[in-house]
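Student: Dropping the structure in here first, questions after.
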Amino acid sequence: MICWINPFAGLAGDMLLAALIDAGAPVDRVKEAIASTGLTGWDLTAERLTTHGLAATRVRVEVTDTATQRPAGTLLDMASRARPRPVAAFAVAALTAIATAEGALHGSDPREVHLHELGGHDALVDIVGIAAALHHLGVTQVVCGPLPLGTGRTRSAHGLIPVPAPATLELLRGAAVTGTDIPGETVTPTAAAVLSAAAARYEPLPPAVLGRTGYGAGTRTLADRPNVCAVTVAERAPAGRESVTLLETNLDDVTGETLAHVLQRALDAGALDAWVTPAVMKKGRPAHILHCLVHPGQADALQELVWAETGTLGIRRSDITRTVLPRHTEVVDVRGAAVRVKHGPHRAKPEYDDVAAAAARLGLPLREVAELAAAAAAPASREEDES
């Protein structure tokens, strides 16, 4: 299943959790997963309300434990105890992203970094709750629209900081965003970390059959629009053909560094794939052909990017079809490290970047970490994870 997020007015952890519950995630299963972490002194309720004429769900966390800050390592240990195990792996990945971002900003070890606003009950409840909601809805892929970023300043434990907050910007690296006139924080670090853990894609919704849509309300009231995000649960369409556009250009005066840069820029801009092949051009000159495969609606923007980055004088453009098999990504726990594994009908493959990062952190060979991740994602392991 696909979870398609429309962050109309922004995205916060409680908004996303509320939207998932509104879309059908069972509240009792969400609360069971949170309780399994060992967190005490909290209660979660969901209520219906209407904002600017739109019915939505809002979640409330009632807290009796007054602790508002904890070391990241404490939250990671609690998240690792969540059940089912895929929920724990997802929550650990999100909290690891937060700890890594905060550690980089403050020059601290990620596990030792002291979380202030993110160290209370709310962050753990939201993250584990979202992980459980996605799990019980059967979501295997998250697609998100561009995130609207607010303006101004907000107060933190360290004083006034700009909006978006530095941690949010670090966590959103690679995400699609857009400016907005909404004052204040519109995307929270918790929401950004959840999108990172979900390996969210910022691209058009792939061919799918739409299911139920849920609306999650935030705590703020906006003057001119409902402060909600929307999520739609959709089932990926069976394998079939889809129309795509292929952009190609021959390059004989571009360095290898530039080629690598253009490939990454194209992928970050939403290209379905981008690659380079060697060629021999006129006068026997060695050259490369740059290929970018894109959705038709993105072809103009990608073409402009290639013009600007390469200085080429001509781009070939072909409308073609491709056959797509269903696939999904899950996050598995490899000795405390989060590794994404991509599943297709015929194989499962751990993501190289995650495997390399885990190997460096654990001091293990790359191949061993890949084998551990593949074993954790095997069907037999997933059946055990439900216990």
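Here, A, B, ... name the chains of the structure tokens in the order displayed, residue numbers run from 1 inside each chain, and ligands are numbered from 1 in the same displayed order.
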At a cut-off of 10 Å, using only C-alpha atoms, what residues contact segment 251-257 of chain A? Leave out same-chain residues fewer than 2 positions from it and give the result as a list in words.
Tutor: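 Neighbouring residues, sequence-local ones excluded: Glu248, Thr249, Leu259, Ala260, His261, Val262, Val276, Pro278, Ala279, Val280, Met281, Lys282, Arg285, Pro286, Ala287, His288, Ile289, Leu290, Glu309, Thr310, Gly311, Thr312, Leu313 and Gly314 of chain A.
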Student: Can those selected residues be exported to a file as a PDB file, in the first residue's frame so that it contains N, CA and C atoms?
Tutor:
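Below is the file result.pdb, written as the result:
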ATOM      1  N   GLU A 248      18.016  12.951 -23.747  1.00  0.00           N
ATOM      2  CA  GLU A 248      19.374  12.501 -24.021  1.00  0.00           C
ATOM      3  C   GLU A 248      20.176  13.630 -24.654  1.00  0.00           C
ATOM      4  N   THR A 249      21.446  13.699 -24.321  1.00  0.00           N
ATOM      5  CA  THR A 249      22.326  14.669 -24.959  1.00  0.00           C
ATOM      6  C   THR A 249      23.745  14.116 -24.991  1.00  0.00           C
ATOM      7  N   LEU A 259      29.590  15.533 -14.719  1.00  0.00           N
ATOM      8  CA  LEU A 259      28.636  14.468 -15.041  1.00  0.00           C
ATOM      9  C   LEU A 259      28.029  13.874 -13.774  1.00  0.00           C
ATOM     10  N   ALA A 260      28.878  13.587 -12.782  1.00  0.00           N
ATOM     11  CA  ALA A 260      28.368  13.030 -11.526  1.00  0.00           C
ATOM     12  C   ALA A 260      27.422  14.012 -10.846  1.00  0.00           C
ATOM     13  N   HIS A 261      27.770  15.296 -10.884  1.00  0.00           N
ATOM     14  CA  HIS A 261      26.926  16.333 -10.278  1.00  0.00           C
ATOM     15  C   HIS A 261      25.570  16.407 -10.977  1.00  0.00           C
ATOM     16  N   VAL A 262      25.573  16.362 -12.302  1.00  0.00           N
ATOM     17  CA  VAL A 262      24.307  16.458 -13.049  1.00  0.00           C
ATOM     18  C   VAL A 262      23.420  15.253 -12.770  1.00  0.00           C
ATOM     19  N   VAL A 276      24.757   7.558 -17.490  1.00  0.00           N
ATOM     20  CA  VAL A 276      25.686   8.014 -18.518  1.00  0.00           C
ATOM     21  C   VAL A 276      26.261   6.802 -19.228  1.00  0.00           C
ATOM     22  N   PRO A 278      29.263   5.696 -22.317  1.00  0.00           N
ATOM     23  CA  PRO A 278      30.375   6.208 -23.126  1.00  0.00           C
ATOM     24  C   PRO A 278      30.034   6.150 -24.613  1.00  0.00           C
ATOM     25  N   ALA A 279      30.631   7.044 -25.371  1.00  0.00           N
ATOM     26  CA  ALA A 279      30.388   7.088 -26.814  1.00  0.00           C
ATOM     27  C   ALA A 279      31.611   7.677 -27.509  1.00  0.00           C
ATOM     28  N   VAL A 280      31.662   7.481 -28.821  1.00  0.00           N
ATOM     29  CA  VAL A 280      32.675   8.117 -29.657  1.00  0.00           C
ATOM     30  C   VAL A 280      31.942   9.016 -30.636  1.00  0.00           C
ATOM     31  N   MET A 281      32.254  10.312 -30.619  1.00  0.00           N
ATOM     32  CA  MET A 281      31.554  11.279 -31.457  1.00  0.00           C
ATOM     33  C   MET A 281      32.389  11.603 -32.705  1.00  0.00           C
ATOM     34  N   LYS A 282      31.966  12.625 -33.408  1.00  0.00           N
ATOM     35  CA  LYS A 282      32.648  13.037 -34.628  1.00  0.00           C
ATOM     36  C   LYS A 282      34.125  13.334 -34.341  1.00  0.00           C
ATOM     37  N   ARG A 285      36.228  11.775 -31.210  1.00  0.00           N
ATOM     38  CA  ARG A 285      36.324  12.302 -29.846  1.00  0.00           C
ATOM     39  C   ARG A 285      35.621  11.384 -28.852  1.00  0.00           C
ATOM     40  N   PRO A 286      36.282  11.012 -27.755  1.00  0.00           N
ATOM     41  CA  PRO A 286      35.580  10.273 -26.693  1.00  0.00           C
ATOM     42  C   PRO A 286      34.553  11.188 -26.037  1.00  0.00           C
ATOM     43  N   ALA A 287      33.414  10.642 -25.710  1.00  0.00           N
ATOM     44  CA  ALA A 287      32.323  11.454 -25.159  1.00  0.00           C
ATOM     45  C   ALA A 287      31.441  10.602 -24.265  1.00  0.00           C
ATOM     46  N   HIS A 288      30.410  11.236 -23.733  1.00  0.00           N
ATOM     47  CA  HIS A 288      29.406  10.542 -22.922  1.00  0.00           C
ATOM     48  C   HIS A 288      28.018  10.978 -23.376  1.00  0.00           C
ATOM     49  N   ILE A 289      27.058  10.058 -23.249  1.00  0.00           N
ATOM     50  CA  ILE A 289      25.654  10.385 -23.492  1.00  0.00           C
ATOM     51  C   ILE A 289      24.956  10.417 -22.141  1.00  0.00           C
ATOM     52  N   LEU A 290      24.350  11.549 -21.825  1.00  0.00           N
ATOM     53  CA  LEU A 290      23.587  11.692 -20.594  1.00  0.00           C
ATOM     54  C   LEU A 290      22.134  11.333 -20.878  1.00  0.00           C
ATOM     55  N   GLU A 309      23.278  23.040 -16.457  1.00  0.00           N
ATOM     56  CA  GLU A 309      24.422  22.380 -15.831  1.00  0.00           C
ATOM     57  C   GLU A 309      25.489  21.956 -16.837  1.00  0.00           C
ATOM     58  N   THR A 310      25.097  21.602 -18.061  1.00  0.00           N
ATOM     59  CA  THR A 310      26.067  21.055 -19.019  1.00  0.00           C
ATOM     60  C   THR A 310      26.460  22.042 -20.104  1.00  0.00           C
ATOM     61  N   GLY A 311      25.604  23.018 -20.382  1.00  0.00           N
ATOM     62  CA  GLY A 311      25.882  23.933 -21.483  1.00  0.00           C
ATOM     63  C   GLY A 311      25.682  23.314 -22.847  1.00  0.00           C
ATOM     64  N   THR A 312      25.039  22.151 -22.905  1.00  0.00           N
ATOM     65  CA  THR A 312      24.804  21.490 -24.191  1.00  0.00           C
ATOM     66  C   THR A 312      23.925  22.354 -25.086  1.00  0.00           C
ATOM     67  N   LEU A 313      24.061  22.157 -26.399  1.00  0.00           N
ATOM     68  CA  LEU A 313      23.284  22.937 -27.364  1.00  0.00           C
ATOM     69  C   LEU A 313      22.115  22.155 -27.946  1.00  0.00           C
ATOM     70  N   GLY A 314      21.959  20.896 -27.547  1.00  0.00           N
ATOM     71  CA  GLY A 314      20.854  20.103 -28.087  1.00  0.00           C
ATOM     72  C   GLY A 314      20.483  18.953 -27.181  1.00  0.00           C
TER      73      GLY A 314
END
Student: Could you pull out the strand (DSSP E or B) residues of segment 197-257 of chain A from DSSP and send them as an MDAnalysis selection string?
Tutor: chainID A and resid 201 208:217 228:236 240:251
Student: If you measure from atom CA of Glu242 of chain A to atom CA of Ala301 of chain A, what distance in Å do you get, rounded to one decimal?
Tutor: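 These two atoms are separated by 19.7 Å.
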Student: Taking 4 positions as the minimum chain separation for residues in the same chain, which residues sit within 8 Å of Ala373 of chain A when counting only C-alpha atoms? Answer as a PyMOL selection string.
Tutor: chain A and resi 332-334+339+341+350+369+377
Student: Kindly save the residues from that selection, with N, CA and C atoms included, as a short mmCIF file (atom, residue, chain, number, x, y, z; two decimals), in the first residue's frame.
Tutor:
data_model
loop_
_atom_site.label_atom_id
_atom_site.label_comp_id
_atom_site.auth_asym_id
_atom_site.auth_seq_id
_atom_site.Cartn_x
_atom_site.Cartn_y
_atom_site.Cartn_z
N VAL A 332 14.59 -2.26 8.28
CA VAL A 332 14.90 -3.35 9.22
C VAL A 332 15.98 -2.88 10.18
N ASP A 333 16.05 -3.55 11.30
CA ASP A 333 17.01 -3.22 12.36
C ASP A 333 18.17 -4.20 12.29
N VAL A 334 19.37 -3.69 12.03
CA VAL A 334 20.58 -4.52 12.01
C VAL A 334 21.46 -4.10 13.18
N VAL A 339 18.30 -0.02 8.35
CA VAL A 339 18.67 -0.27 6.96
C VAL A 339 17.40 -0.46 6.14
N VAL A 341 15.33 -1.79 2.97
CA VAL A 341 15.40 -2.92 2.05
C VAL A 341 14.30 -2.76 1.02
N PRO A 350 18.98 -4.77 0.07
CA PRO A 350 19.26 -3.67 1.00
C PRO A 350 19.84 -2.46 0.26
N VAL A 369 26.88 -6.99 6.72
CA VAL A 369 25.73 -6.15 7.05
C VAL A 369 24.62 -6.36 6.02
N ALA A 377 14.83 -9.07 6.57
CA ALA A 377 13.69 -8.75 5.71
C ALA A 377 13.05 -9.97 5.09
#
Student: Tell me which protein, DNA and RNA residues are within 9 Å of segment 219-236 of chain A, counting only C-alpha atoms, leaving out same-chain ones fewer than 4 positions away, and put them as a ChimeraX atom specification.
Tutor: /A:1-12,14-16,19-20,22-23,50-54,56,58,137,139,182,206-215,326-327
Student: Using DSSP secondary structure from the backbone, list all alpha helix (DSSP H) positions within segment 157-259 of chain A, as a count of residues only.
Tutor: 19
Student: Any idea what the distance is between atom CA of Met78 of chain A and atom CA of Val125 of chain A?
Tutor: 10.9 Å
Student: What is the atom CA of Phe90 of chain A-atom CA of Ala199 of chain A distance in Å, reported with one decimal?
Tutor: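 Atom-to-atom, atom CA of Phe90 of chain A and atom CA of Ala199 of chain A are spaced 10.3 Å apart.
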Student: Given only C-alpha atoms as the basis, pick out the residue of A:Thr277, A:Ser36, A:Thr168, A:Thr96 nearest to Thr190 of chain A.
Tutor: A:Thr168
Student: Please list as a VMD selection string every residue within 10 Å of Gly129 of chain A, counting only C-alpha atoms and excluding residues in the same chain fewer than 2 positions away.
Tutor: chain A and resid 13 to 14 16 to 18 20 to 21 25 27 29 to 35 44 87 91 123 to 127 131 to 135
